[in-house]
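Trainee: Dropping in upload05.cif, which is mmCIF, C-alpha atoms:
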```cif
data_target
loop_
_atom_site.label_atom_id
_atom_site.label_comp_id
_atom_site.auth_asym_id
_atom_site.auth_seq_id
_atom_site.Cartn_x
_atom_site.Cartn_y
_atom_site.Cartn_z
CA MET W 1 -63.59 54.50 22.34
CA SER W 2 -62.50 52.15 25.06
CA ILE W 3 -62.70 48.95 22.98
CA ASN W 4 -61.28 48.38 19.54
CA PRO W 5 -63.29 45.43 18.19
CA SER W 6 -60.94 44.79 15.28
CA ALA W 7 -58.24 43.68 17.73
CA LEU W 8 -59.91 40.30 18.18
CA GLU W 9 -61.58 40.17 14.79
CA VAL W 10 -58.15 39.92 13.09
CA TYR W 11 -58.08 36.28 14.19
CA ARG W 12 -61.07 35.43 12.05
CA GLU W 13 -59.04 35.04 8.87
CA ILE W 14 -56.76 32.39 10.33
CA MET W 15 -58.99 30.75 12.94
CA GLU W 16 -62.07 30.64 10.64
CA ASP W 17 -64.76 28.41 12.16
CA GLU W 18 -62.79 28.19 15.41
CA THR W 19 -62.76 31.99 15.89
CA ASP W 20 -65.70 32.30 18.30
CA ALA W 21 -64.40 29.57 20.61
CA PHE W 22 -60.90 31.04 20.38
CA ILE W 23 -62.08 34.57 21.30
CA ALA W 24 -64.19 33.19 24.14
CA GLU W 25 -61.16 31.38 25.57
CA ILE W 26 -58.90 34.44 25.27
CA LEU W 27 -61.46 36.70 26.92
CA ALA W 28 -62.20 34.26 29.75
CA ASN W 29 -58.46 34.18 30.51
CA PHE W 30 -58.26 37.95 30.20
CA TYR W 31 -61.06 38.59 32.70
CA THR W 32 -59.66 36.15 35.28
CA ASN W 33 -56.03 37.18 34.91
CA THR W 34 -56.75 40.92 34.89
CA ARG W 35 -58.84 40.81 38.07
CA GLU W 36 -55.99 38.99 39.80
CA LEU W 37 -53.49 41.41 38.39
CA LEU W 38 -55.44 44.50 39.54
CA ALA W 39 -55.69 43.03 43.04
CA SER W 40 -51.94 42.47 43.05
CA LEU W 41 -51.32 46.10 41.97
CA ASP W 42 -52.91 47.25 45.22
CA LYS W 43 -50.64 44.95 47.14
CA PHE W 44 -47.49 46.12 45.32
CA LEU W 45 -48.45 49.76 45.87
CA LYS W 46 -48.81 49.20 49.60
CA GLN W 47 -45.53 47.26 49.73
CA ASN W 48 -43.86 49.87 47.52
CA ASN W 49 -42.63 46.99 45.38
CA VAL W 50 -41.59 48.87 42.23
CA ASP W 51 -40.27 45.88 40.26
CA GLU W 52 -43.39 43.77 40.67
CA PHE W 53 -45.65 46.77 40.07
CA VAL W 54 -43.91 47.61 36.79
CA ARG W 55 -43.88 43.97 35.69
CA ALA W 56 -47.62 43.70 36.39
CA VAL W 57 -48.60 46.83 34.45
CA HIS W 58 -46.27 45.77 31.63
CA THR W 59 -48.22 42.51 31.34
CA LEU W 60 -51.56 44.32 31.50
CA ARG W 61 -50.47 46.77 28.83
CA SER W 62 -49.82 43.86 26.46
CA THR W 63 -52.84 41.68 27.21
CA SER W 64 -55.34 44.55 27.18
CA ALA W 65 -53.99 45.72 23.81
CA THR W 66 -54.41 42.18 22.51
CA VAL W 67 -58.14 42.16 23.31
CA GLY W 68 -58.61 45.75 22.10
CA ALA W 69 -59.10 47.34 25.54
CA GLU W 70 -57.26 50.45 24.42
CA ARG W 71 -58.02 52.78 27.31
CA VAL W 72 -56.82 50.13 29.77
CA SER W 73 -53.69 49.60 27.68
CA ASN W 74 -52.93 53.33 27.51
CA LEU W 75 -53.34 53.74 31.27
CA ALA W 76 -51.15 50.68 31.89
CA THR W 77 -48.51 52.19 29.60
CA ASP W 78 -48.54 55.43 31.61
CA LEU W 79 -48.24 53.50 34.85
CA GLU W 80 -45.37 51.47 33.47
CA THR W 81 -43.48 54.58 32.42
CA ARG W 82 -44.17 56.52 35.61
CA GLY W 83 -43.69 53.49 37.89
CA GLY W 84 -40.08 53.37 36.84
CA SER W 85 -39.40 57.02 37.68
CA GLU W 86 -41.85 58.26 40.36
CA PRO W 87 -42.76 57.11 43.86
CA LEU W 88 -45.54 54.54 43.59
CA SER W 89 -47.62 56.51 46.07
CA ASN W 90 -48.07 59.21 43.39
CA LEU W 91 -49.75 56.70 41.15
CA LEU W 92 -52.74 55.81 43.28
CA PRO W 93 -55.21 58.05 41.37
CA LEU W 94 -54.08 56.56 38.08
CA VAL W 95 -54.45 53.03 39.46
CA LEU W 96 -58.01 53.87 40.50
CA GLU W 97 -58.68 55.16 37.01
CA LEU W 98 -57.22 51.94 35.62
CA ASN W 99 -59.62 49.87 37.72
CA GLU W 100 -62.59 51.90 36.44
CA ALA W 101 -61.35 51.61 32.87
CA TYR W 102 -61.12 47.85 33.26
CA GLU W 103 -64.67 47.57 34.64
CA GLU W 104 -65.93 49.51 31.63
CA ALA W 105 -63.83 47.45 29.22
CA GLU W 106 -65.10 44.17 30.64
CA ARG W 107 -68.70 45.39 30.35
CA LYS W 108 -68.25 46.49 26.74
CA LEU W 109 -66.39 43.31 25.75
CA LYS W 110 -69.20 41.21 27.19
CA GLU W 111 -71.68 43.19 25.08
CA ILE W 112 -69.71 42.50 21.92
CA TYR W 113 -68.82 38.93 22.88
CA PRO W 114 -71.50 37.60 25.23
CA GLU W 115 -70.36 34.71 27.39
CA MET A 116 -44.69 21.99 9.01
CA LEU A 117 -42.29 22.97 11.75
CA LYS A 118 -41.77 22.23 15.40
CA ILE A 119 -41.84 25.68 16.99
CA LEU A 120 -40.95 26.55 20.57
CA VAL A 121 -43.10 29.40 21.93
CA VAL A 122 -41.70 31.13 24.98
CA ASP A 123 -43.78 33.66 26.93
CA ASP A 124 -44.54 34.05 30.62
CA GLU A 125 -47.96 35.53 29.85
CA GLN A 126 -50.58 32.82 29.39
CA ILE A 127 -52.84 34.77 27.01
CA ASP A 128 -50.05 35.76 24.65
CA ARG A 129 -48.63 32.24 24.71
CA ARG A 130 -52.03 30.76 23.94
CA ILE A 131 -52.65 33.14 21.05
CA VAL A 132 -49.36 32.28 19.37
CA GLU A 133 -49.84 28.58 20.10
CA LYS A 134 -53.34 28.41 18.64
CA THR A 135 -52.39 30.46 15.60
CA LEU A 136 -49.40 28.26 14.84
CA ILE A 137 -51.39 25.04 15.32
CA ARG A 138 -54.02 26.39 13.00
CA LEU A 139 -51.29 26.99 10.43
CA GLY A 140 -50.28 23.35 10.74
CA HIS A 141 -47.22 23.59 12.95
CA ASP A 142 -46.25 21.54 15.96
CA VAL A 143 -45.92 23.72 19.08
CA ILE A 144 -43.89 23.31 22.26
CA LEU A 145 -44.41 25.79 25.09
CA ALA A 146 -42.22 27.29 27.80
CA ASP A 147 -43.04 30.09 30.21
CA ASN A 148 -39.51 31.36 30.76
CA GLY A 149 -36.11 31.40 29.09
CA GLU A 150 -34.54 28.75 31.32
CA ALA A 151 -37.30 26.21 30.65
CA ALA A 152 -37.00 27.03 26.95
CA TRP A 153 -33.24 26.44 27.02
CA GLN A 154 -33.79 23.03 28.65
CA LYS A 155 -36.16 22.07 25.85
CA ILE A 156 -33.74 23.23 23.15
CA GLN A 157 -31.09 20.93 24.60
CA GLU A 158 -33.45 17.98 24.85
CA GLU A 159 -35.22 18.11 21.49
CA PRO A 160 -34.26 19.02 17.92
CA ILE A 161 -35.88 22.48 17.85
CA ARG A 162 -35.13 24.70 14.85
CA PHE A 163 -37.59 27.57 15.43
CA VAL A 164 -38.16 29.71 18.51
CA ILE A 165 -40.63 32.54 19.05
CA THR A 166 -39.75 34.21 22.31
CA ASP A 167 -41.09 37.08 24.32
CA TRP A 168 -38.55 39.59 25.55
CA ASN A 169 -39.45 40.30 29.13
CA MET A 170 -39.62 37.10 31.20
CA PRO A 171 -38.52 35.94 34.65
CA LEU A 172 -35.47 33.68 35.22
CA MET A 173 -34.01 34.18 31.74
CA ASP A 174 -35.35 36.79 29.34
CA GLY A 175 -35.66 36.49 25.56
CA ILE A 176 -32.38 38.26 24.80
CA GLN A 177 -30.41 36.02 27.18
CA LEU A 178 -32.05 32.96 25.63
CA ILE A 179 -31.16 34.04 22.11
CA LYS A 180 -27.57 34.82 23.12
CA LYS A 181 -27.28 31.35 24.66
CA VAL A 182 -28.63 29.73 21.48
CA ARG A 183 -26.16 31.63 19.31
CA ALA A 184 -23.22 30.80 21.60
CA THR A 185 -23.89 27.04 21.51
CA THR A 186 -23.15 24.61 18.70
CA LEU A 187 -26.51 23.00 18.08
CA PRO A 188 -27.27 20.34 15.44
CA GLY A 189 -28.84 22.89 13.11
CA TYR A 190 -29.48 26.60 12.84
CA VAL A 191 -32.21 27.82 15.21
CA TYR A 192 -34.36 30.56 13.68
CA THR A 193 -35.53 33.02 16.33
CA ILE A 194 -38.29 35.63 16.35
CA LEU A 195 -38.21 38.08 19.24
CA VAL A 196 -41.55 39.40 20.42
CA THR A 197 -41.41 42.92 21.79
CA SER A 198 -43.95 45.12 23.56
CA ASN A 199 -42.50 48.23 21.97
CA ASN A 200 -41.25 49.37 25.35
CA LYS A 201 -38.51 51.97 25.48
CA ASP A 202 -36.37 49.40 27.33
CA GLU A 203 -36.85 46.87 24.56
CA ASP A 204 -34.51 48.15 21.90
CA ILE A 205 -35.17 46.04 18.85
CA VAL A 206 -31.82 46.92 17.32
CA ALA A 207 -30.14 45.43 20.39
CA GLY A 208 -32.36 42.37 19.97
CA LEU A 209 -31.29 41.86 16.38
CA TYR A 210 -27.63 42.33 17.28
CA ALA A 211 -28.04 39.75 20.07
CA GLY A 212 -28.92 37.25 17.37
CA ALA A 213 -32.66 37.45 16.73
CA ASP A 214 -33.53 36.79 13.08
CA ASP A 215 -36.75 38.79 13.11
CA TYR A 216 -39.12 40.49 15.49
CA LEU A 217 -42.82 41.00 16.11
CA THR A 218 -44.42 43.78 18.11
CA LYS A 219 -47.36 43.05 20.39
CA PRO A 220 -50.20 43.11 19.75
CA PHE A 221 -49.47 41.53 16.40
CA ASN A 222 -51.73 40.62 13.56
CA PRO A 223 -51.88 36.84 13.19
CA THR A 224 -51.40 37.06 9.43
CA GLU A 225 -48.17 38.95 10.11
CA LEU A 226 -47.10 36.09 12.41
CA GLU A 227 -47.94 33.66 9.62
CA ALA A 228 -45.86 35.65 7.12
CA ARG A 229 -42.84 35.94 9.42
CA VAL A 230 -42.95 32.22 10.21
CA ALA A 231 -42.98 31.56 6.45
CA VAL A 232 -39.84 33.71 6.10
CA GLY A 233 -38.23 31.62 8.82
CA GLU A 234 -39.19 28.40 7.05
CA ARG A 235 -37.52 29.65 3.88
CA MET A 236 -34.36 30.51 5.81
CA LEU A 237 -34.24 27.07 7.42
CA ALA A 238 -34.75 25.39 4.04
CA LEU A 239 -31.80 27.39 2.71
CA GLU A 240 -29.74 26.36 5.70
CA ASP A 241 -30.69 22.70 5.24
CA GLY A 242 -29.63 22.96 1.61
CA LEU A 243 -26.27 24.36 2.72
CA MET A 244 -25.84 21.60 5.28
CA GLN A 245 -26.58 18.96 2.66
CA ALA A 246 -24.01 20.51 0.36
CA ASN A 247 -21.53 20.51 3.26
CA ASN A 248 -22.25 16.86 3.97
CA GLN A 249 -21.56 16.05 0.33
CA LEU A 250 -18.25 17.88 0.59
CA GLU A 251 -17.50 16.05 3.79
CA LYS A 252 -18.09 12.75 2.05
CA LEU A 253 -15.57 13.73 -0.56
CA ALA A 254 -13.20 14.76 2.19
CA MET A 255 -11.71 12.37 4.67
CA VAL A 256 -12.71 13.49 8.08
CA ASP A 257 -15.72 12.95 10.29
CA SER A 258 -16.44 16.46 11.54
CA LEU A 259 -17.73 15.47 14.98
CA THR A 260 -14.90 13.20 16.13
CA GLY A 261 -12.03 14.29 13.90
CA LEU A 262 -11.42 10.65 12.96
CA LEU A 263 -11.33 9.34 9.43
CA ASN A 264 -14.79 9.02 7.99
CA ARG A 265 -16.20 5.72 6.73
CA ARG A 266 -15.10 6.21 3.16
CA ALA A 267 -11.59 7.13 4.23
CA ILE A 268 -11.06 4.30 6.73
CA TYR A 269 -12.40 1.79 4.23
CA LYS A 270 -9.99 3.01 1.59
CA PHE A 271 -7.13 2.95 4.09
CA ALA A 272 -8.01 -0.57 5.25
CA ARG A 273 -7.98 -1.80 1.66
CA GLY A 274 -4.52 -0.36 1.17
CA GLU A 275 -3.24 -1.97 4.38
CA LEU A 276 -4.69 -5.34 3.42
CA GLU A 277 -2.89 -5.22 0.07
CA ARG A 278 0.35 -4.33 1.82
CA ALA A 279 -0.10 -7.18 4.33
CA ARG A 280 -0.43 -9.62 1.43
CA ARG A 281 2.67 -8.28 -0.29
CA VAL A 282 4.90 -8.50 2.80
CA PHE A 283 3.27 -11.61 4.28
CA GLU A 284 2.30 -9.94 7.52
CA PRO A 285 -0.86 -10.43 9.56
CA ILE A 286 -3.44 -7.63 9.75
CA SER A 287 -6.15 -7.12 12.36
CA VAL A 288 -9.32 -5.10 12.30
CA ILE A 289 -11.25 -3.98 15.36
CA PHE A 290 -14.93 -3.11 15.22
CA LEU A 291 -16.10 -1.15 18.28
CA ASP A 292 -19.69 -0.39 19.19
CA ILE A 293 -20.83 1.67 22.16
CA ASP A 294 -23.14 -0.21 24.54
CA LYS A 295 -26.72 1.14 24.74
CA PHE A 296 -25.90 4.34 22.90
CA LYS A 297 -29.52 4.89 21.92
CA GLU A 298 -30.38 5.08 25.62
CA VAL A 299 -27.71 7.74 26.13
CA ASN A 300 -29.35 9.89 23.48
CA ASP A 301 -32.86 9.18 24.72
CA GLN A 302 -32.12 9.84 28.39
CA HIS A 303 -29.59 12.67 28.17
CA GLY A 304 -30.19 14.28 24.78
CA HIS A 305 -28.31 14.27 21.52
CA LEU A 306 -25.79 16.89 22.65
CA THR A 307 -24.61 14.57 25.42
CA GLY A 308 -24.59 11.73 22.87
CA ASP A 309 -22.25 13.78 20.68
CA GLU A 310 -19.97 14.49 23.64
CA ALA A 311 -19.87 10.74 24.40
CA LEU A 312 -18.83 10.01 20.81
CA LYS A 313 -16.08 12.62 20.98
CA LEU A 314 -14.86 11.24 24.30
CA ILE A 315 -14.75 7.67 23.03
CA ALA A 316 -12.94 8.74 19.86
CA ARG A 317 -10.32 10.40 22.06
CA ILE A 318 -9.93 7.32 24.26
CA ILE A 319 -9.53 5.06 21.22
CA LYS A 320 -6.82 7.37 19.87
CA GLU A 321 -5.04 7.48 23.24
CA ARG A 322 -5.13 3.73 23.77
CA SER A 323 -4.25 2.53 20.29
CA ARG A 324 -0.81 2.73 18.72
CA ALA A 325 0.58 5.48 16.56
CA TYR A 326 0.50 3.34 13.41
CA ASP A 327 -3.10 2.13 13.89
CA SER A 328 -5.77 3.87 11.82
CA ILE A 329 -9.08 4.80 13.38
CA GLY A 330 -12.29 5.70 11.65
CA ARG A 331 -15.86 6.44 12.57
CA TRP A 332 -17.72 3.74 10.70
CA ALA A 333 -21.31 4.80 11.42
CA GLY A 334 -23.33 6.32 14.27
CA ASP A 335 -21.74 4.80 17.34
CA GLU A 336 -19.46 2.33 15.54
CA PHE A 337 -15.73 2.69 15.06
CA LEU A 338 -13.29 0.72 12.89
CA ILE A 339 -9.62 0.39 13.74
CA VAL A 340 -7.06 -1.07 11.36
CA LEU A 341 -3.98 -2.60 13.00
CA PRO A 342 -1.32 -3.40 10.42
CA GLY A 343 1.23 -6.14 11.17
CA THR A 344 -0.68 -7.13 14.29
CA THR A 345 -1.32 -10.65 15.53
CA ALA A 346 -4.56 -11.75 17.11
CA THR A 347 -2.99 -11.73 20.58
CA ASP A 348 -1.69 -8.18 20.25
CA ALA A 349 -4.93 -6.97 18.65
CA GLU A 350 -6.90 -8.38 21.55
CA LYS A 351 -4.58 -6.54 23.98
CA VAL A 352 -5.24 -3.26 22.19
CA ALA A 353 -8.98 -3.95 22.17
CA ARG A 354 -9.05 -4.71 25.89
CA ARG A 355 -7.00 -1.61 26.65
CA ILE A 356 -9.49 0.50 24.72
CA ILE A 357 -12.63 -0.86 26.35
CA GLU A 358 -11.01 -0.61 29.76
CA GLY A 359 -10.26 3.04 29.06
CA ILE A 360 -13.87 3.64 28.04
CA PHE A 361 -15.18 1.82 31.09
CA LEU A 362 -12.98 3.83 33.48
CA THR A 363 -13.73 7.24 31.98
CA LYS A 364 -16.90 9.05 33.01
CA LEU A 365 -18.60 11.79 31.03
CA ALA A 366 -19.67 14.86 32.98
CA LEU A 367 -23.34 15.61 32.33
CA PRO A 368 -24.51 19.19 31.77
CA LYS A 369 -27.05 18.97 34.61
CA GLY A 370 -24.48 17.43 36.97
CA GLY A 371 -23.55 13.84 37.63
CA LEU A 372 -21.37 11.47 35.67
CA LEU A 373 -22.30 9.11 32.87
CA SER A 374 -20.65 5.68 32.64
CA LEU A 375 -19.96 4.30 29.21
CA SER A 376 -18.87 0.94 27.89
CA ALA A 377 -18.31 -0.68 24.53
CA CYS A 378 -18.04 -4.03 22.86
CA VAL A 379 -15.39 -5.02 20.39
CA GLY A 380 -15.11 -7.61 17.68
CA VAL A 381 -11.55 -8.37 16.56
CA VAL A 382 -10.62 -10.19 13.38
CA THR A 383 -7.12 -11.15 12.34
CA GLN A 384 -6.11 -12.16 8.84
CA THR A 385 -3.19 -14.56 8.99
CA LYS A 386 -3.49 -16.59 5.81
CA MET A 387 -1.49 -14.48 3.45
CA THR A 388 -1.07 -17.16 0.81
CA GLY A 389 -3.69 -18.85 -1.24
CA ALA A 390 -7.22 -17.59 -0.88
CA VAL A 391 -6.83 -14.34 0.95
CA ALA A 392 -9.93 -12.76 2.41
CA LEU A 393 -11.36 -9.65 0.88
CA LEU A 394 -11.67 -6.57 3.06
CA ASP A 395 -15.43 -7.03 3.24
CA ASP A 396 -14.90 -10.54 4.63
CA LEU A 397 -12.57 -9.07 7.22
CA ILE A 398 -15.09 -6.47 8.27
CA GLN A 399 -17.85 -9.05 8.35
CA GLY A 400 -15.69 -11.27 10.55
CA ALA A 401 -15.14 -8.37 12.95
CA ASP A 402 -18.87 -7.60 12.91
CA GLU A 403 -19.75 -11.19 13.78
CA ALA A 404 -17.23 -11.20 16.61
CA LEU A 405 -18.75 -7.90 17.81
CA TYR A 406 -22.17 -9.48 17.80
CA ARG A 407 -20.88 -12.30 19.98
CA ALA A 408 -19.35 -9.76 22.36
CA LYS A 409 -22.70 -7.94 22.60
CA GLU A 410 -24.41 -11.20 23.42
CA THR A 411 -22.30 -11.48 26.57
CA GLY A 412 -23.93 -8.30 27.91
CA GLY A 413 -21.52 -5.50 27.05
CA ASN A 414 -18.01 -4.27 27.86
CA ASN A 415 -16.37 -7.26 26.21
CA VAL A 416 -14.08 -8.40 23.41
CA GLU A 417 -14.48 -11.37 21.08
CA THR A 418 -11.98 -12.47 18.45
CA THR A 419 -11.99 -14.33 15.16
CA LEU A 420 -9.14 -15.71 13.08
CA LEU A 421 -9.35 -15.88 9.32
#
```
Would you mind writing the structure in this file as structure tokens?
Mentor:
Amino acid sequence: MSINPSALEVYREIMEDETDAFIAEILANFYTNTRELLASLDKFLKQNNVDEFVRAVHTLRSTSATVGAERVSNLATDLETRGGSEPLSNLLPLVLELNEAYEEAERKLKEIYPE
Amino acid sequence: MLKILVVDDEQIDRRIVEKTLIRLGHDVILADNGEAAWQKIQEEPIRFVITDWNMPLMDGIQLIKKVRATTLPGYVYTILVTSNNKDEDIVAGLYAGADDYLTKPFNPTELEARVAVGERMLALEDGLMQANNQLEKLAMVDSLTGLLNRRAIYKFARGELERARRVFEPISVIFLDIDKFKEVNDQHGHLTGDEALKLIARIIKERSRAYDSIGRWAGDEFLIVLPGTTATDAEKVARRIIEGIFLTKLALPKGGLLSLSACVGVVTQTKMTGAVALLDDLIQGADEALYRAKETGGNNVETTLL
């Protein structure tokens, strides 16, 4: 399952009547920020910029887990671990898989939480 | 209700913590890196910090270490937020000075519970500080400046007044007030204000005589008792002190120098026979002279004879 819906639903208890607006805001930020982040991953790969690459996937690991995009988070975790120890050029297939996983996650999230 | 500083370079995570805390009724200040957070801690009375670990410029661990290494007005409760990364060793975080930790992604009710723990800790600390303040009142010394506290200087002044009557000697009292001290605190922060008070206390000690007694009366006011001192000599001491304050600059943490000045009211009791003034009359006389000095615009001395 690529999306864990309970990840965002946990906010319902505290946010109450503000939950839907809160989730909408978080997701809007997530979509925008993640697209930018994925574009920057390409750039860092080409530049062989290990530090920025690892920082970027570290961020994505956290934010995707927050919204319940588990497959994205798991792939980002792998990339973070391997980015620190392998040449970035080895990671291209995994980065492509990450992009696909994100597309799927965004689609599924929009089904659960229509904009 | 607390004022909580939330530090995270990631907008989504920052927003989630911010909104959750606001919903719980707290006041939230934000920073997106450790350095910005440290600036805010120095500028405002912040007692609670929730900080991410991995951030540019200054990370969460460095921020917490800086907080623990600095004497701040009160204890700062810190929660370290970790991504459960192998490089983020939570034991190291706790040893660095974090009071608690949260692992992302965290359940908001867990955040609520851990903030409540922090509130309890701060309440305990406030209780301890109050008890300490009570003890300090019973003791003699103002902990910031090292001078006699109000109670002690008052008691000393009373003793000196009695002695002056017995031996038919004059006695003078100096009341010193720092010019525009509120502005110093407002513009440069309370930590700089404290450093200014300590500096001025030192200058007063250096520029008064060994047998004069100096006390911190209140806030930015100081009382000096000058036994066996005529009005002329008391005025000389007063002018020496305010000159010393005027000439000494305080180095600011962000660079630059701060100029300070003070006003002084001097009162001298000379009538040792007949109706001799009470200490409170003496202090009131000095206060009125101080007021007149303030009216002239600052950095001045005014005297009164009783």
Trainee: How close does each residue of chain W get to chain A, giving the shortest atom pair and distance in Å to one decimal for every residue with an atom at most 12 Å away, counting all atoms listed in the file, sorted by chain and residue number, as a tab-separated table?
Mentor:
```
residue	atom	partner	partner_atom	distance
W:Ser6	CA	A:Asn222	CA	10.3
W:Ala7	CA	A:Pro220	CA	8.3
W:Leu8	CA	A:Asn222	CA	9.4
W:Glu9	CA	A:Asn222	CA	9.9
W:Val10	CA	A:Asn222	CA	6.5
W:Tyr11	CA	A:Pro223	CA	6.3
W:Arg12	CA	A:Pro223	CA	9.4
W:Glu13	CA	A:Thr224	CA	7.9
W:Ile14	CA	A:Thr135	CA	7.1
W:Met15	CA	A:Arg138	CA	6.6
W:Glu16	CA	A:Arg138	CA	9.4
W:Asp17	CA	A:Arg138	CA	11.0
W:Glu18	CA	A:Arg138	CA	9.3
W:Thr19	CA	A:Lys134	CA	10.4
W:Ala21	CA	A:Lys134	CA	11.3
W:Phe22	CA	A:Lys134	CA	8.2
W:Ile23	CA	A:Ile131	CA	9.5
W:Ala24	CA	A:Ile127	CA	11.8
W:Glu25	CA	A:Ile127	CA	9.1
W:Ile26	CA	A:Ile127	CA	6.3
W:Leu27	CA	A:Ile127	CA	8.8
W:Ala28	CA	A:Ile127	CA	9.8
W:Asn29	CA	A:Ile127	CA	6.6
W:Phe30	CA	A:Ile127	CA	7.0
W:Tyr31	CA	A:Ile127	CA	10.7
W:Thr32	CA	A:Ile127	CA	10.8
W:Asn33	CA	A:Ile127	CA	8.9
W:Thr34	CA	A:Ile127	CA	10.7
W:Leu37	CA	A:Glu125	CA	11.8
W:Asp51	CA	A:Pro171	CA	11.5
W:Glu52	CA	A:Pro171	CA	11.0
W:Val54	CA	A:Asn169	CA	11.5
W:Arg55	CA	A:Asn169	CA	8.7
W:Ala56	CA	A:Glu125	CA	10.5
W:Val57	CA	A:Ser198	CA	12.0
W:His58	CA	A:Ser198	CA	8.4
W:Thr59	CA	A:Glu125	CA	7.1
W:Leu60	CA	A:Glu125	CA	9.6
W:Arg61	CA	A:Ser198	CA	8.5
W:Ser62	CA	A:Lys219	CA	6.6
W:Thr63	CA	A:Ile127	CA	6.9
W:Ser64	CA	A:Pro220	CA	9.1
W:Ala65	CA	A:Pro220	CA	6.1
W:Thr66	CA	A:Pro220	CA	5.1
W:Val67	CA	A:Pro220	CA	8.8
W:Gly68	CA	A:Pro220	CA	9.1
W:Ala69	CA	A:Pro220	CA	11.4
W:Glu70	CA	A:Pro220	CA	11.2
W:Ser73	CA	A:Pro220	CA	10.8
W:Ala76	CA	A:Asn200	CA	11.9
W:Thr77	CA	A:Asn200	CA	8.9
W:Asp78	CA	A:Asn200	CA	11.4
W:Glu80	CA	A:Asn200	CA	9.3
W:Thr81	CA	A:Lys201	CA	8.9
W:Gly84	CA	A:Asp202	CA	11.0
```
Trainee: Once the PyMOL selection byres ((chain A and resi 237) around 9) has been evaluated on this model, what residues remain selected, and can you format them as a list in words?
Mentor: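 Here the PyMOL selection byres ((chain A and resi 237) around 9) matches Arg162, Phe163, Gly189, Tyr190, Val191, Tyr192, Val232, Gly233, Glu234, Arg235, Met236, Ala238, Leu239, Glu240, Asp241 and Gly242 of chain A.
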Trainee: Near Leu45 in chain W, within 8 Å and counting only C-alpha atoms, which residues show up once chain neighbours fewer than 6 positions away are dropped, as a list in words?
Mentor: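 In the requested format, the answer is Phe53, Leu88, Ser89 and Leu92 of chain W.
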Trainee: If you apply the PyMOL selection byres ((chain W and resi 96-101) around 8) to this file, what residues do you get, as an MDAnalysis selection string?
Mentor: chainID W and resid 2 38 71:72 75:76 92:95 102:105
Trainee: Could you tell me which residues the PyMOL selection byres ((chain A and resi 262-266) around 9) returns for this structure, as a PyMOL selection string?
Mentor: chain A and resi 251-261+267-271+316+320+328-333+337-338
Trainee: State, in Å with one decimal place, the distance from CA of Ala39 in chain W to CA of Ala152 in chain A.
Mentor: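 The value is 29.4 Å.
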